[in-house]
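Enquirer: Take a look at this one; I'll ask things after.
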Amino acid sequence: MQTRTNFTNQTLLPSSLSETAVIRILHDHAAMIEQNPLVIHYERCAPPADAPPEDARGIWYELTDRVAYLPCGLLHGTVKYRACFHDTPQGLRTHIFAPMGVHIRNNWTVRRQSGEANDGRIHGDSDELYLHEDVELRCPLGMTTFIRRTLAQAHRELVLRLGATGRG
């Protein structure tokens with residue numbers, strides 16, 4: 001049975017990064033792929049014959065991830081999948097087609113937020129930049145928690161690497 005889950009990963013970006021610099025990095029597909037801590041190999045590929053119409057004109061890659069199935073490195077393996085990339089004015093949209101019917105649609109955007117959070121308290125300076133990753137995950141019921149946790153960990157590491165790239 002397939003489930004559909006929507007969630008957002010939101011991370012404050014280092015103050016050394018400008019909105020333009022982050023969007024430039026998001027549009028650099030190789031940089032985004034290489035900064036993903038899960039990816040161990042990738043190459044550009046043609047869209048599959050059954051690509052959805054909205055993805056057929058995108059830029060396609062075949063990627064291989066190294067995934068830890070159990071904590072402390074007790075069990076790990078590799079997963080090979082295809083992904084479609086679309087640059088957008090505010091960031092990047094991707095659609096991942098992984099084994100076992102896993103589909104992940106990511107919409108990466110850079111957003112400026114005032115210092116007031118949802119709880120009404122002031123958090124730092126106004127107009128801070130955040131990287132938002134809006135995710136739609138479709139996968140078998142028993143895999144949802146594992147995939148969400150893996151994506152959240154990868155997002156945190158990717159943002160740290162983005163900060164280093166933007167300063168470099």
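Every chain in the structure tokens takes a letter, A first, then B, and so on in the order presented; its residues are numbered from 1, and the ligands are numbered from 1 following the presented order.
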Run DSSP on the backbone and grab whatever in stretch 31-146 of chain A lands in strand (DSSP E or B); send it over as a PyMOL selection string.
Expert: chain A and resi 39-45+59-70+75-88+91-98+102-113+116+122+128-140
Enquirer: Give me a file of those residues, with C-alpha atoms, as a short mmCIF file (atom, residue, chain, number, x, y, z; two decimals), in the first residue's frame.
Expert:
data_model
loop_
_atom_site.label_atom_id
_atom_site.label_comp_id
_atom_site.auth_asym_id
_atom_site.auth_seq_id
_atom_site.Cartn_x
_atom_site.Cartn_y
_atom_site.Cartn_z
CA VAL A 39 25.20 10.32 -3.45
CA ILE A 40 28.28 8.30 -4.34
CA HIS A 41 27.91 8.37 -8.14
CA TYR A 42 25.86 10.17 -10.78
CA GLU A 43 25.71 10.71 -14.51
CA ARG A 44 23.42 12.51 -16.88
CA CYS A 45 20.93 10.29 -18.72
CA ILE A 59 17.34 17.41 -17.11
CA TRP A 60 17.73 13.78 -16.04
CA TYR A 61 20.39 12.05 -13.97
CA GLU A 62 20.96 8.50 -12.81
CA LEU A 63 22.22 8.55 -9.23
CA THR A 64 23.55 6.01 -6.76
CA ASP A 65 23.15 6.60 -3.03
CA ARG A 66 24.87 4.87 -0.15
CA VAL A 67 22.16 4.30 2.45
CA ALA A 68 22.51 3.18 6.07
CA TYR A 69 19.69 0.75 6.84
CA LEU A 70 20.73 0.32 10.48
CA LEU A 75 23.99 -2.50 7.61
CA HIS A 76 24.26 -0.33 4.54
CA GLY A 77 23.77 -0.70 0.83
CA THR A 78 23.36 1.23 -2.39
CA VAL A 79 20.27 2.40 -4.22
CA LYS A 80 20.28 3.43 -7.88
CA TYR A 81 17.54 5.72 -9.16
CA ARG A 82 16.69 8.43 -11.68
CA ALA A 83 15.89 12.04 -10.97
CA CYS A 84 14.60 14.93 -13.04
CA PHE A 85 15.77 18.51 -12.36
CA HIS A 86 13.93 21.74 -13.26
CA ASP A 87 15.36 25.16 -12.47
CA THR A 88 12.77 27.63 -11.16
CA GLY A 91 15.24 27.61 -6.74
CA LEU A 92 15.03 24.04 -7.95
CA ARG A 93 12.35 21.40 -8.42
CA THR A 94 13.27 17.71 -8.55
CA HIS A 95 11.35 14.48 -9.04
CA ILE A 96 13.01 11.27 -7.88
CA PHE A 97 11.97 7.87 -9.21
CA ALA A 98 13.47 5.26 -6.87
CA VAL A 102 9.27 5.51 -4.19
CA HIS A 103 8.56 8.94 -5.70
CA ILE A 104 9.95 12.08 -4.10
CA ARG A 105 9.10 15.54 -5.39
CA ASN A 106 11.27 18.27 -3.88
CA ASN A 107 10.80 21.98 -4.31
CA TRP A 108 13.88 23.85 -3.06
CA THR A 109 13.35 27.58 -2.55
CA VAL A 110 15.20 30.39 -0.86
CA ARG A 111 12.92 32.51 1.29
CA ARG A 112 13.46 35.64 3.27
CA GLN A 113 11.69 35.68 6.61
CA GLU A 116 9.31 36.81 14.16
CA ILE A 122 11.69 37.36 17.88
CA GLU A 128 17.11 36.09 7.40
CA LEU A 129 17.47 33.66 4.50
CA TYR A 130 16.11 30.15 4.82
CA LEU A 131 16.38 27.18 2.52
CA HIS A 132 13.00 25.46 2.27
CA GLU A 133 12.71 21.95 0.94
CA ASP A 134 9.03 21.17 0.41
CA VAL A 135 8.73 17.42 -0.03
CA GLU A 136 5.98 15.20 -1.36
CA LEU A 137 6.86 11.59 -0.60
CA ARG A 138 4.99 8.63 -2.06
CA CYS A 139 6.24 5.25 -0.88
CA PRO A 140 5.16 1.94 0.64
#
Enquirer: Might you pull out every residue within 9 Å of A:Leu151, with only C-alpha atoms counted and same-chain residues fewer than 5 positions away left off, and present them as a list in words?
Expert: Asn9, Phe146 and Arg156 of chain A
Enquirer: Using DSSP secondary structure from the backbone, list all alpha helix (DSSP H) positions within chain A, as a PyMOL selection string.
Expert: chain A and resi 19-27+29-35+53-56+144-167
Enquirer: Just the selected residues (C-alpha atoms), exported as a PDB file, in the first residue's frame, please.
Expert:
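Contents of the output file again17.pdb:
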ATOM      1  CA  GLU A  19      19.922  34.874  -2.091  1.00  0.00           C
ATOM      2  CA  THR A  20      21.510  35.130  -5.542  1.00  0.00           C
ATOM      3  CA  ALA A  21      24.416  32.876  -4.523  1.00  0.00           C
ATOM      4  CA  VAL A  22      22.090  30.203  -3.131  1.00  0.00           C
ATOM      5  CA  ILE A  23      19.880  30.212  -6.236  1.00  0.00           C
ATOM      6  CA  ARG A  24      23.008  29.964  -8.400  1.00  0.00           C
ATOM      7  CA  ILE A  25      24.069  26.875  -6.406  1.00  0.00           C
ATOM      8  CA  LEU A  26      20.569  25.366  -6.648  1.00  0.00           C
ATOM      9  CA  HIS A  27      20.700  25.812 -10.438  1.00  0.00           C
ATOM     10  CA  HIS A  29      22.806  20.503 -10.632  1.00  0.00           C
ATOM     11  CA  ALA A  30      26.258  18.951 -10.319  1.00  0.00           C
ATOM     12  CA  ALA A  31      26.930  21.017  -7.181  1.00  0.00           C
ATOM     13  CA  MET A  32      23.593  20.037  -5.647  1.00  0.00           C
ATOM     14  CA  ILE A  33      24.156  16.368  -6.400  1.00  0.00           C
ATOM     15  CA  GLU A  34      27.771  16.376  -5.196  1.00  0.00           C
ATOM     16  CA  GLN A  35      26.844  18.130  -1.952  1.00  0.00           C
ATOM     17  CA  PRO A  53       4.830  14.867 -19.457  1.00  0.00           C
ATOM     18  CA  GLU A  54       5.753  17.545 -16.882  1.00  0.00           C
ATOM     19  CA  ASP A  55       9.182  15.919 -16.430  1.00  0.00           C
ATOM     20  CA  ALA A  56       9.950  14.828 -20.006  1.00  0.00           C
ATOM     21  CA  THR A 144       7.845   6.454   5.316  1.00  0.00           C
ATOM     22  CA  THR A 145       9.649   7.001   8.632  1.00  0.00           C
ATOM     23  CA  PHE A 146      12.981   5.671   7.325  1.00  0.00           C
ATOM     24  CA  ILE A 147      12.867   7.827   4.183  1.00  0.00           C
ATOM     25  CA  ARG A 148      11.797  10.975   6.069  1.00  0.00           C
ATOM     26  CA  ARG A 149      14.604  10.548   8.603  1.00  0.00           C
ATOM     27  CA  THR A 150      17.161   9.915   5.843  1.00  0.00           C
ATOM     28  CA  LEU A 151      16.015  12.980   3.878  1.00  0.00           C
ATOM     29  CA  ALA A 152      16.120  15.228   6.969  1.00  0.00           C
ATOM     30  CA  GLN A 153      19.678  14.131   7.801  1.00  0.00           C
ATOM     31  CA  ALA A 154      20.790  14.643   4.198  1.00  0.00           C
ATOM     32  CA  HIS A 155      19.143  18.104   4.122  1.00  0.00           C
ATOM     33  CA  ARG A 156      21.056  19.247   7.226  1.00  0.00           C
ATOM     34  CA  GLU A 157      24.389  18.064   5.800  1.00  0.00           C
ATOM     35  CA  LEU A 158      23.658  19.549   2.388  1.00  0.00           C
ATOM     36  CA  VAL A 159      22.944  22.973   3.946  1.00  0.00           C
ATOM     37  CA  LEU A 160      26.259  22.846   5.835  1.00  0.00           C
ATOM     38  CA  ARG A 161      28.026  22.067   2.566  1.00  0.00           C
ATOM     39  CA  LEU A 162      26.125  24.844   0.770  1.00  0.00           C
ATOM     40  CA  GLY A 163      27.397  27.280   3.383  1.00  0.00           C
ATOM     41  CA  ALA A 164      30.973  26.138   2.808  1.00  0.00           C
ATOM     42  CA  THR A 165      30.570  26.356  -0.975  1.00  0.00           C
ATOM     43  CA  GLY A 166      29.075  29.842  -0.783  1.00  0.00           C
ATOM     44  CA  ARG A 167      32.034  31.049   1.283  1.00  0.00           C
TER      45      ARG A 167
END
Enquirer: Could you please determine the separation between atom CA of A:Asp28 and atom CA of A:Gly101 in Å, to one decimal place?
Expert: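 Going from atom CA of A:Asp28 over to atom CA of A:Gly101 covers 27.3 Å.
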Enquirer: Kindly give the distance, in Å, that separates atom CA of A:Leu141 and atom CA of A:Gln2, rounded to a single decimal.
Expert: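 If I compute the distance from atom CA of A:Leu141 to atom CA of A:Gln2, I get 5.7 Å.
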Enquirer: Between atom CA of A:Leu38 and atom CA of A:Gly142, what is the spacing in Å?
Expert: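 One can read the atom CA of A:Gly142 to atom CA of A:Leu38 distance as 20.8 Å.
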